[in-house]
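Shown next, in structure tokens, is the structure this report addresses.
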Amino acid sequence: MLEGILIGLTTALTPMNLAFVVAGCLVGTFIGMLPGLGPMSAIALMIPVAAGLDPAAGIILMAAVYYGAIFGGSTSSILINAPGVASTVATSFDGYPMAKQGKAGKALAIAAYSSFSGGVIGAILLLVAAPFLASVSLSFHSTDYFALMVLGLTAVAAFAGQGNVLKAMLMTVVGLMLSTVGTDQTQGIQRFTLGMIDLLDGVSFLLLVMATFALSEALMAILKPKDDESRLKEKEASANLGSMKVSKEEVKEMVPVISRSSVMGFLIGVLPGAGATIASFLAYGTEQRLAGPEKGKLFGKGSVRGLSAPETANNAAATGSFVPLLTLGIPGSGTTAIMLGALIGYGIQPGPRLYIDQPEVFWAVIVSMWIGNIILLVLNLPLIPYIAKVLAIPSRFLLPLILFFSLIGVYFVSFNTFDIQLMIIFAVAAVVLRLLDFPLAPMILGFILGGMMEENLRRALLINNDSWSFLWERELTLSILVIAALTLFVPMLMPLYSKWRKNADRAGEGG
Amino acid sequence: MLFFTNRRIGGLLLLAFCVTYAVLSQRIPLLPFQANVAFHARTMPEVLAVLGIGLSIAIIALPSPQEYVALKGKNWVTVFSFLVLMSFYGMTIRPFGFVLSSTILLGVGYWILGERKIWLLLATSVPIAAAFWALMTLGLGVFIEPLPWFLRG
């Protein structure tokens with residue numbers, strides 16, 4: 001492990017890669033701060049830039065953009081109560097009231113220290129967990145991988161929240177369908193190309209991500225413009241931040257919260273599909289219960305614990321979501337799905353072999369997480385008063401720029417004007433689905449995993465002489481599939497079970 | 001009207017998509033020896049089509065929250081203008097060259113969203129387009145034609 005850390009340090013600490021971490025953190029903070037644009041859009045916008053770099057530098061850049069965007073999202077949550085992403089919603093519960101009390105600077109500092117601690121502790125846990133899981137997963141067969149991918153997809157759907165499971169499942173299937181467009185990988189047969197040469201290579205991952213996130217988010221912002229009052233609020237918030245000093249008592253209050261929330265956040269982040277949103281809400285709820293009746297009352301009114309807990313947990317979860325990506329090659333969240341797509345673009349297949357075949361990429365990502373978190377704290381925090389000015393840029397300038405960056409981001413990779421038109425079609429579909437409240441992240445996950453899933457299933461059948469019996473004969477495969485089924489059906493059946501219990505209790509009381 | 005909630009409209013649209021996908025999946029050519037193998041180029045699409053159609057029907061048929069999409073009060077015309085503008089950009093980026101087409105995209109974009117000062121439209125579009133061309137061509141060595149067709153040598 002020590003050797004690995006040294007490899008990681010040697011790679012991540014080159015002046016060029018350090019510059020990428022700094023740039024990534026700044027750009028990520030900038031983009032993440034724009035309401036509506038979250039880490040997924042930030043990373044998507046950076047893929048064309050990262051594509052021109054070597055794999056380690058590219059992944060370091062994207063990872064830095066990721067933490068930067070999470071940090072930026074927290075900033076807009078605190079300053080203007082506009083969480084850019086779901087994972088920073090819980091941050092606004094206490095961060096925004098604190099800002100309204102004239103303590104925006106302090107709230108930002110608490111958020112930054114908590115994020116830093118969550119990220120660093122998460123990276124230490126990742127350092128231990130990733131190599132261990134990678135060595136275990138070396139014994140996995142293609143049948144197990146197929147089952148793991150099924151688990152990844154069902155977990156995403158299962159964690160979509162009550163009433164959204166079916167929608168998330170359908171969107172996952174749509175993503176899988178889109179992944180089948182193009183020439184079949186092994187037999188060279190054209191599928192769903194509609195006779196168009198431009199579709200022979202399938203739908204580009206970058207195009208789909210840019211269209212469904214960056215482009216459609218900008219179009220949604222044009223569709224539903226902000227009123228004058230919220231624009232004024234943004235200008236005022238970016239102008240007055242107040243002091244950024246945190247008192248000793250506040251630090252004492254934060255320490256136990258950070259230690260609990262970071263471990264909890266990391267463990268939740270490791271679970272495929274759970275991610276930073278669930279981690280931040282769970283940490284917030286847990287701390288509220290642990291705070292006792294007196295301090296618990298302060299939650300929602302500017303509590304230090306209430307701000308520190310979700311901020312720590314969401315950063316630790318973001319780090320934890322790299323565990324399944326780096327060790328199994330299965331993304332645990334929409335963001336890591338985009339990173340997986342980028343890695344595949346480099347010709348790198350994340351999974352247990354990554355740890356052995358390309359240790360510099362594996363370790364550089366882990367080490368860059370520490371460096372990224374330090375840079376966020378040392379560089380970004382003092383710069384926040386200046387970066388916050390982005391909130392004052394009029395949207396009439398910002399939105400066309402986002403559209404421009406999205407379009408050229410895709411065009412500069414393929415140099416095919418057909419891609420621009422296809423992007424517009426996907427963006428329109430994404431806007432319609434957003435208006436109808438259908439989630440898009442499961443679609444991206446399905447799209448990324450589709451090709452690998454088909455390949456592993458094909459290989460598993462080939463090894464088993466065209467027999468599907470591997471699904472129940474190999475114990476590991478069966479266990480993973482059973483977990484997948486439980487993950488999917490237990491949350492769906494729980495409401496029915498509690499309804500049945502209530503009815504049974506009522507009948508018992510009546511009798 | 002009450003039947004068509006957000007959820008059901010989405011379900012119907014995706015059902016149409018899945019049915020089209022199912023029909024097209026039957027047009028995937030198969031080699032003669034593949035008829036009896038367990039896995040061929042159509043297997044995955046067929047499974048996905050069945051899953052997709054089943055899930056769409058479940059979404060339409062199951063009870064749905066009474067949420068309806070509000071069509072009023074949204075800038076449909078502006079969004080449509082941007083779609084046309086982006087499509088125009090896709091069609092003109094080659095003949096007009098990168099700098100001119102990007103300047104048009106940005107300048108017209110700012111104008112659609114309410115900026116009317118000509119000097120500001122130009123000052124915020126021309127330098128950005130030119131800087132990006134310089135970054136790509138001079139910085140990263142990726143050549144992009146900057147000039148329109150009539151100015152090329």
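Chain labels run A, B, ... following the order of the structure tokens; each chain numbers its residues from 1, and ligands are numbered from 1 in the order shown.
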
Exercise. Would you list the contacts of A:Gly269 as a list in words, taking every protein, DNA or RNA residue within 7 Å and counting only C-alpha atoms, but skipping same-chain residues closer than 6 positions in sequence?
Key: Gly275, Ala276, Ala317, Ala318, Gly320 and Ser321 of chain A

Exercise. Dump as a VMD selection string the residues of chain B that approach chain A to within 6 Å, counting only C-alpha atoms.
Key: chain B and resid 6 28 38 55 74 to 75 87 90 106 109 to 110 113

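We find atom CA of A:Asn373 and atom CA of A:Leu6 to be spaced 18.4 Å apart.
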
Quiz prompt | Distance of atom CA of A:Met46 from atom CA of A:Ile124, expressed in Å to one decimal place | solution =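 We find that atom CA of A:Ile124 and atom CA of A:Met46 lie 26.3 Å from each other.
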
Practice problem: For atom CA of A:Leu298 and atom CA of A:Leu267, quote the distance in Å rounded to one decimal. | Solution: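 Going from atom CA of A:Leu298 over to atom CA of A:Leu267, I get 27.3 Å.
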
Self-check item: Residue contacts of stretch 285-288 of chain A (12 Å, only C-alpha atoms) excluding same-chain residues fewer than 3 positions away, as an MDAnalysis selection string
Solution: chainID A and resid 90 93:94 253:254 256:261 264:265 278:282 291:300 303:310 312:313

Exercise. Quick one: everything within 12 Å of A:Gly4, counting only C-alpha atoms, minus sequence neighbours fewer than 3 positions away in the same chain. Send it as a ChimeraX atom specification.
Key: /A:1,7-12,127-128,130-131,355-356,358-367

Quiz item: Residues of stretch 29-126 of chain B in helix (DSSP H, G or I) according to DSSP, as a PyMOL selection string?
Solution: chain B and resi 32-36+43-61+76-92+98-112+118-123+126

Quiz item: Residues at most 6 Å from A:Gly24, counting only C-alpha atoms, excluding those fewer than 3 positions away in the same chain, as a list in words?
Solution: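 Those residues are Phe20, Val21, Val27, Gly28, Leu61, Ala64 and Val65 of chain A.
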
Expected file: the selected residues, C-alpha atoms, as a CSV table (one decimal), in the first residue's frame:
```csv
chain,number,residue,atom,x,y,z
A,20,PHE,CA,-5.0,20.4,-13.1
A,21,VAL,CA,-6.2,19.8,-9.5
A,27,VAL,CA,-13.7,25.5,-12.3
A,28,GLY,CA,-15.8,22.9,-10.4
A,61,LEU,CA,-8.9,16.9,-13.4
A,64,ALA,CA,-11.0,17.8,-8.8
A,65,VAL,CA,-14.0,19.2,-10.7
```

Exercise. Can you pull out every residue within 10 Å of A:Leu148, counting only C-alpha atoms, but drop anything in the same chain fewer than 4 positions away, and send it as a list in words?
Key: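 Here the qualifying residues turn out to be Phe140, Ser142, Thr143, Asp144, Gly152, Leu153, Thr154, Pro272, Leu328, Gly329, Ile330, Met453, Leu476, Thr477, Ile480, Leu481, Ile483 and Ala484 of chain A.
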
Self-check item: Nearest to B:Leu51 by atom-to-atom distance, counting only C-alpha atoms, from B:Phe39, B:Val19, B:Pro148, B:Ser125
Solution: B:Val19

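Contact shell of A:Ala42 at 8 Å (only C-alpha atoms; same-chain neighbours under 5 positions omitted): Gly28, Ile31, Gly32, Leu37, Val65, Tyr66, Ala69 and Ala214 of chain A.
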
Output N, CA and C atoms of each residue in that selection to a file, as a CSV table (one decimal), in the first residue's frame.
```csv
chain,number,residue,atom,x,y,z
A,28,GLY,N,-14.7,23.7,-11.0
A,28,GLY,CA,-15.8,22.9,-10.4
A,28,GLY,C,-16.6,23.8,-9.5
A,31,ILE,N,-18.7,26.3,-11.6
A,31,ILE,CA,-19.8,25.7,-12.2
A,31,ILE,C,-20.9,25.2,-11.2
A,32,GLY,N,-20.3,24.5,-10.1
A,32,GLY,CA,-21.2,24.0,-9.1
A,32,GLY,C,-22.0,25.1,-8.4
A,37,LEU,N,-26.8,23.8,-12.1
A,37,LEU,CA,-25.7,23.0,-12.7
A,37,LEU,C,-24.9,22.3,-11.5
A,65,VAL,N,-12.7,18.5,-10.3
A,65,VAL,CA,-14.0,19.2,-10.7
A,65,VAL,C,-15.1,18.7,-9.9
A,66,TYR,N,-15.1,17.4,-9.6
A,66,TYR,CA,-16.2,16.8,-8.8
A,66,TYR,C,-16.3,17.4,-7.4
A,69,ALA,N,-17.2,21.1,-7.6
A,69,ALA,CA,-18.7,21.3,-7.9
A,69,ALA,C,-19.5,21.0,-6.6
A,214,ALA,N,-26.0,19.2,-19.1
A,214,ALA,CA,-25.7,20.6,-19.3
A,214,ALA,C,-26.7,21.3,-20.2
```
